[in-house]
Amino acid sequence: MVLCLRVVNRVLVLLLAMSSLALAGCASAVQAGTNTALDDVDLVRMTDDMALKIMASPAVQQAYARDGPLSVVVQPVQNMMTAEILPRGPAEAFSARVRVLLSKHAPDRFVWIMNRDSFNLLRVGELDVDLGPAPGAIQPRYALVPEFRSLTSENRDQRSIAYLCTYQLSNLVDRTILWTGSYEVKKVAVKGFLD
Amino acid sequence: MKRGSIQLRLVLPLVAAMLLLLGGCGPNEHERAAQAAVWDFNNGNFPAAIAKLHSLAQETNGDFVLNNLRLGSVALAAGDLDEAEAAFLRAYEVLNSVGVNNGGRSLGAVVVAEDMKVWKGEPFERAMANHYLGLTYYMRGDYANARACYENALFKLRDYADDQGNKRDAREVDSDFALASLMLGKCWVHLGRSDLAQANFDRAVSLRPDLAPIARLASEGKNNVLLVVDFGYGPQKVQTGDGSLAGFRPTAAQVGSIPSPTVVVDGRPVGLQGTDLPPMDLLAVAQQQRWQSIDTIRTIKNVVGYGLMGAGAYEGLRQHNDPLLGLALFGAGMLVRGSATADLRFWDTLPRTTFVLPLQLPPGRHTISVEFPAVGLTQTWRGLVAPEQGEATYYFRMLRWSTGPFDSPTSPLPAVKP
């Protein structure tokens with residue numbers, strides 16, 4: 001009987017301890033958890049890498065030596081990923097940071113031209129501000145176009161995505177590609193008990 | 001013996017308190033507010049529903065995903081695409097994350113109550129979340145992101161179909177979500193990939209041959225208006241058996257077949273050319289939910305709980321009994337049994353089905369009504385633009401008390417009704 005009492009006692013204490021732990025240990029819905037999306041670490045790594053490669057490119061340096069500062073229009077990321085969403089804000093961040101880095105580290109080599117959509121959006125929102133000449137009056141010679149692709153697979157155990165993110169600096173006049181660079185990363189999220 | 005009894009006397013009140021805690025778990029303030037918002041939604045009072053859900057959707061508790069999906073549904077019905085996109089995106093991010101319930105929440109869901117976990121829904125609810133986020137992007141002309149959403153929607157069902165380990169099940173589950181294949185095909189049309197578009201239309205038709213007219217019109221891309229019409233009420237999660245198992249009701253057979261819509265533009269009926277068929281029936285899809293491993297745990301807890309209660313009752317009734325031990329066993333049994341209750345949360349603003357109706361209208365503004373004469377439902381929107389080029393997409397949520405006429409979705413929402 002004493003043994004029974006001890007066993008029951010232990011079971012009850014254990015249940016109470018586990019319940020208290022469970023009640024106390026609840027993280028918020030957005031605190032815990034990981035996913036396979038590109039994140040801020042990728043943003044910094046990728047854009048640092050791309051900016052560095054563009055500045056170091058012999059073709060870009062030759063074009064600058066030949067024609068002077070390169071007039072470049074920057075496009076938001078083209079989402080060609082299998083099953084990953086890239087909303088407009090992050091899509092612009094991945095190209096804007098490259099522009100910012102190049103503006104900072106090589107201000108004399110590039111002239112940045114706002115893309116037509118952004119310009120028109122700004123015109124609509126800021127009618128009282130003189131935005132200067134119409135988009136057609138300034139023609140960029142180059143376009144920096146990021147394209148993100150992915151291979152996605154998902155099953156009971158995990159979701160994995162292999163990303164290939166390419167940046168191209170294309171000559172809009174003769175349609176040649178002056179420079180291209182890529183960033184590759186694979187992300188795996190292993191599913192748990194309640195996933 | 002004496003030491004054990006003293007410890008037991010200390011533990012028993014705590015057990016009783018836990019039992020009271022479990023027994024007294026009615027809807028809390030947030031759940032009542034959410035239920036009121038759903039009631040507003042069902043009565044067509046979208047601004048009031050949005051006002052209630054907006055604050056609930058910011059709370060990062062176990063209902064975070066559910067409340068954001070509710071908010072997205074209501075905002076979409078009200079034509080507020082910014083709010084809808086933001087809400088569906090917040091839900092999407094958690095739905096696509098793993099380990100959200102790691103640690104305390106998993107332990108709590110197993111030991112205390114299943115609804116302590118962050119709700120992520122059944123596979124069909126996850127697929128519908130992707131569908132609505134995709135639809136929001138589609139309506140905004142962001143076809144690349146819409147395409148990604150529909151790919152993801154198919155993943156969500158294929159994933160669980162593959163678990164069964166045979167292709168026949170995978171096909172059956174996919175076929176219930178032919179809607180995603182259709183919309184994925186339409187996204188590819190807009191992205192200029194007619195080959196991939198046709199592949200998706202072909203897949204939809206191979207699974208549901210009666211969808212051939214919609215697929216044909218969609219692949220031709222001649223329509224300049226697309227109506228996406230949600231009809232009926234989705235499945236509700238209910239307790240089955242002794243409460244330890246959950247199921248979805250009603251079944252499609254209990255409710256009957258889905259009626260066909262008619263469309264009236266500027267007072268004249270428009271021929272739908274065989275596109276008035278529902279691409280899916282969520283009441284049928286919901287009956288396929290058989291994937292939750294926690295079902296097994298609930299069943300075991302139920303059996304163990306009844307066993308302990310039986311042992312306690314036996315101890316109390318037998319000669320030379322120990323009443324304290326009997327009470328402890330019975331209490332422990334009730335505690336275990338009480339925590340075996342199924343999580344009954346479900347996405348309560350889902351429709352039964354979604355119609356996809358492509359229309360070719362003269363460019364300009366139109367008054368468009370969608371009617372379901374068989375059940376006496378109608379809804380009218382004024383000032384909907386049929387563009388000269390491209391395609392404009394409009395969403396109709398058919399509800400009994402939401403007949404309109406409403407003005408173009410770009411108009412600001414009316415003030416909140418008291």
# chains A, B, ... in the order shown; residues from 1 in each chain; ligands from 1

$ select_by_dssp --residues "stretch 190-279 of chain B" --states "alpha helix (DSSP H)" --output "list in words"
His190, Ser194, Asp195, Leu196, Ala197, Gln198, Ala199, Asn200, Phe201, Asp202, Arg203, Ala204, Val205, Ser206, Leu207, Ala212, Pro213, Ile214, Ala215, Arg216, Leu217, Ala218, Ser219, Glu220, Ala252, Ala253, Gln254 and Val255 of chain B

$ atom_distance --atom1 "atom CA of B:Pro363" --atom2 "atom CA of B:Glu85"
27.5 Å

$ atom_distance --atom1 "atom CA of B:Pro278" --atom2 "atom CA of A:Thr82"
26.7 Å

$ residues_around --residues "B:Gly390" --least-positions-apart "5" --cutoff "10 Å" --atoms "only C-alpha atoms" --output "ChimeraX atom specification"
/B:141,190,221-225

$ write_last_selection --atoms "C-alpha atoms" --output "compact mmCIF listing (two decimals), in the first residue's frame"
# COMPACT_ATOMS: atom_id res chain seq x y z
CA GLY B 141 -1.90 41.90 -60.73
CA HIS B 190 -0.37 36.26 -67.30
CA GLY B 221 -7.30 34.32 -72.02
CA LYS B 222 -10.00 36.26 -73.84
CA ASN B 223 -11.92 37.33 -70.76
CA ASN B 224 -11.34 40.80 -69.34
CA VAL B 225 -13.21 40.19 -66.07

$ select_by_dssp --residues "stretch 37-125 of chain A" --states "strand (DSSP E)" --output "PDB file with N, CA and C atoms, in the first residue's frame"
ATOM      1  N   LEU A  70      28.296  54.891 -65.311  1.00  0.00           N
ATOM      2  CA  LEU A  70      27.257  54.032 -65.913  1.00  0.00           C
ATOM      3  C   LEU A  70      25.888  54.460 -65.387  1.00  0.00           C
ATOM      4  N   SER A  71      24.977  54.800 -66.306  1.00  0.00           N
ATOM      5  CA  SER A  71      23.608  55.156 -65.854  1.00  0.00           C
ATOM      6  C   SER A  71      22.800  53.862 -65.764  1.00  0.00           C
ATOM      7  N   VAL A  72      22.354  53.566 -64.540  1.00  0.00           N
ATOM      8  CA  VAL A  72      21.742  52.246 -64.272  1.00  0.00           C
ATOM      9  C   VAL A  72      20.353  52.410 -63.658  1.00  0.00           C
ATOM     10  N   VAL A  73      19.407  51.660 -64.182  1.00  0.00           N
ATOM     11  CA  VAL A  73      18.090  51.573 -63.542  1.00  0.00           C
ATOM     12  C   VAL A  73      18.030  50.233 -62.792  1.00  0.00           C
ATOM     13  N   VAL A  74      17.534  50.287 -61.570  1.00  0.00           N
ATOM     14  CA  VAL A  74      17.489  49.066 -60.751  1.00  0.00           C
ATOM     15  C   VAL A  74      16.055  48.561 -60.668  1.00  0.00           C
ATOM     16  N   GLN A  78      12.689  39.807 -59.560  1.00  0.00           N
ATOM     17  CA  GLN A  78      11.681  39.033 -60.281  1.00  0.00           C
ATOM     18  C   GLN A  78      11.530  37.701 -59.548  1.00  0.00           C
ATOM     19  N   ASN A  79      10.340  37.456 -59.029  1.00  0.00           N
ATOM     20  CA  ASN A  79      10.121  36.230 -58.258  1.00  0.00           C
ATOM     21  C   ASN A  79       9.822  35.061 -59.186  1.00  0.00           C
ATOM     22  N   MET A  80      10.802  34.200 -59.388  1.00  0.00           N
ATOM     23  CA  MET A  80      10.592  32.994 -60.200  1.00  0.00           C
ATOM     24  C   MET A  80      10.727  31.764 -59.324  1.00  0.00           C
ATOM     25  N   PHE A 110      28.745  55.239 -60.911  1.00  0.00           N
ATOM     26  CA  PHE A 110      27.358  54.926 -61.296  1.00  0.00           C
ATOM     27  C   PHE A 110      26.452  56.147 -61.135  1.00  0.00           C
ATOM     28  N   VAL A 111      25.524  56.279 -62.070  1.00  0.00           N
ATOM     29  CA  VAL A 111      24.431  57.257 -61.934  1.00  0.00           C
ATOM     30  C   VAL A 111      23.162  56.432 -61.822  1.00  0.00           C
ATOM     31  N   TRP A 112      22.422  56.618 -60.744  1.00  0.00           N
ATOM     32  CA  TRP A 112      21.259  55.760 -60.507  1.00  0.00           C
ATOM     33  C   TRP A 112      19.990  56.442 -61.011  1.00  0.00           C
ATOM     34  N   ILE A 113      19.240  55.713 -61.788  1.00  0.00           N
ATOM     35  CA  ILE A 113      17.998  56.253 -62.356  1.00  0.00           C
ATOM     36  C   ILE A 113      16.823  55.461 -61.802  1.00  0.00           C
TER      37      ILE A 113
END

$ residues_around --residues "B:Asn130" --least-positions-apart "4" --cutoff "10 Å" --atoms "only C-alpha atoms" --output "compact mmCIF listing (two decimals) with C-alpha atoms, in the first residue's frame"
# COMPACT_ATOMS: atom_id res chain seq x y z
CA PHE B 88 -2.95 36.42 -44.95
CA LEU B 89 0.78 37.10 -45.15
CA ALA B 91 -0.72 33.76 -41.25
CA TYR B 92 1.32 32.38 -44.17
CA LEU B 95 1.99 28.33 -41.40
CA PHE B 124 -7.13 21.81 -46.47
CA GLU B 125 -7.24 24.93 -44.29
CA ARG B 126 -3.54 25.57 -44.98
CA GLY B 134 -2.70 33.98 -53.95
CA LEU B 135 -6.08 35.43 -54.87
CA THR B 136 -5.17 38.71 -53.17
CA ALA B 146 0.12 34.58 -56.84
CA ALA B 148 4.00 30.96 -55.78
CA CYS B 149 0.98 30.84 -53.49
CA TYR B 150 -0.90 28.37 -55.68
CA GLU B 151 2.19 26.16 -56.00
CA ASN B 152 2.36 26.21 -52.23
CA ALA B 153 -1.35 25.42 -51.92
CA LEU B 154 -0.79 22.27 -53.96
CA PHE B 155 2.22 21.37 -51.81
CA LYS B 156 0.10 21.55 -48.70
CA ALA B 180 -5.43 25.69 -57.31

$ decode --residues "stretch 116-129 of chain B" --atoms "C-alpha atoms" --output "short mmCIF file (atom, residue, chain, number, x, y, z; two decimals), in the first residue's frame"
data_model
loop_
_atom_site.label_atom_id
_atom_site.label_comp_id
_atom_site.auth_asym_id
_atom_site.auth_seq_id
_atom_site.Cartn_x
_atom_site.Cartn_y
_atom_site.Cartn_z
CA MET B 116 -2.56 25.29 -26.12
CA LYS B 117 -0.73 24.74 -29.38
CA VAL B 118 -0.49 27.44 -32.01
CA TRP B 119 -3.32 26.63 -34.39
CA LYS B 120 -2.09 25.84 -37.89
CA GLY B 121 -5.20 24.15 -39.22
CA GLU B 122 -5.80 21.01 -41.19
CA PRO B 123 -4.09 20.56 -44.56
CA PHE B 124 -7.13 21.81 -46.47
CA GLU B 125 -7.24 24.93 -44.29
CA ARG B 126 -3.54 25.57 -44.98
CA ALA B 127 -4.14 25.07 -48.69
CA MET B 128 -7.05 27.55 -48.57
CA ALA B 129 -4.85 30.08 -46.74
#
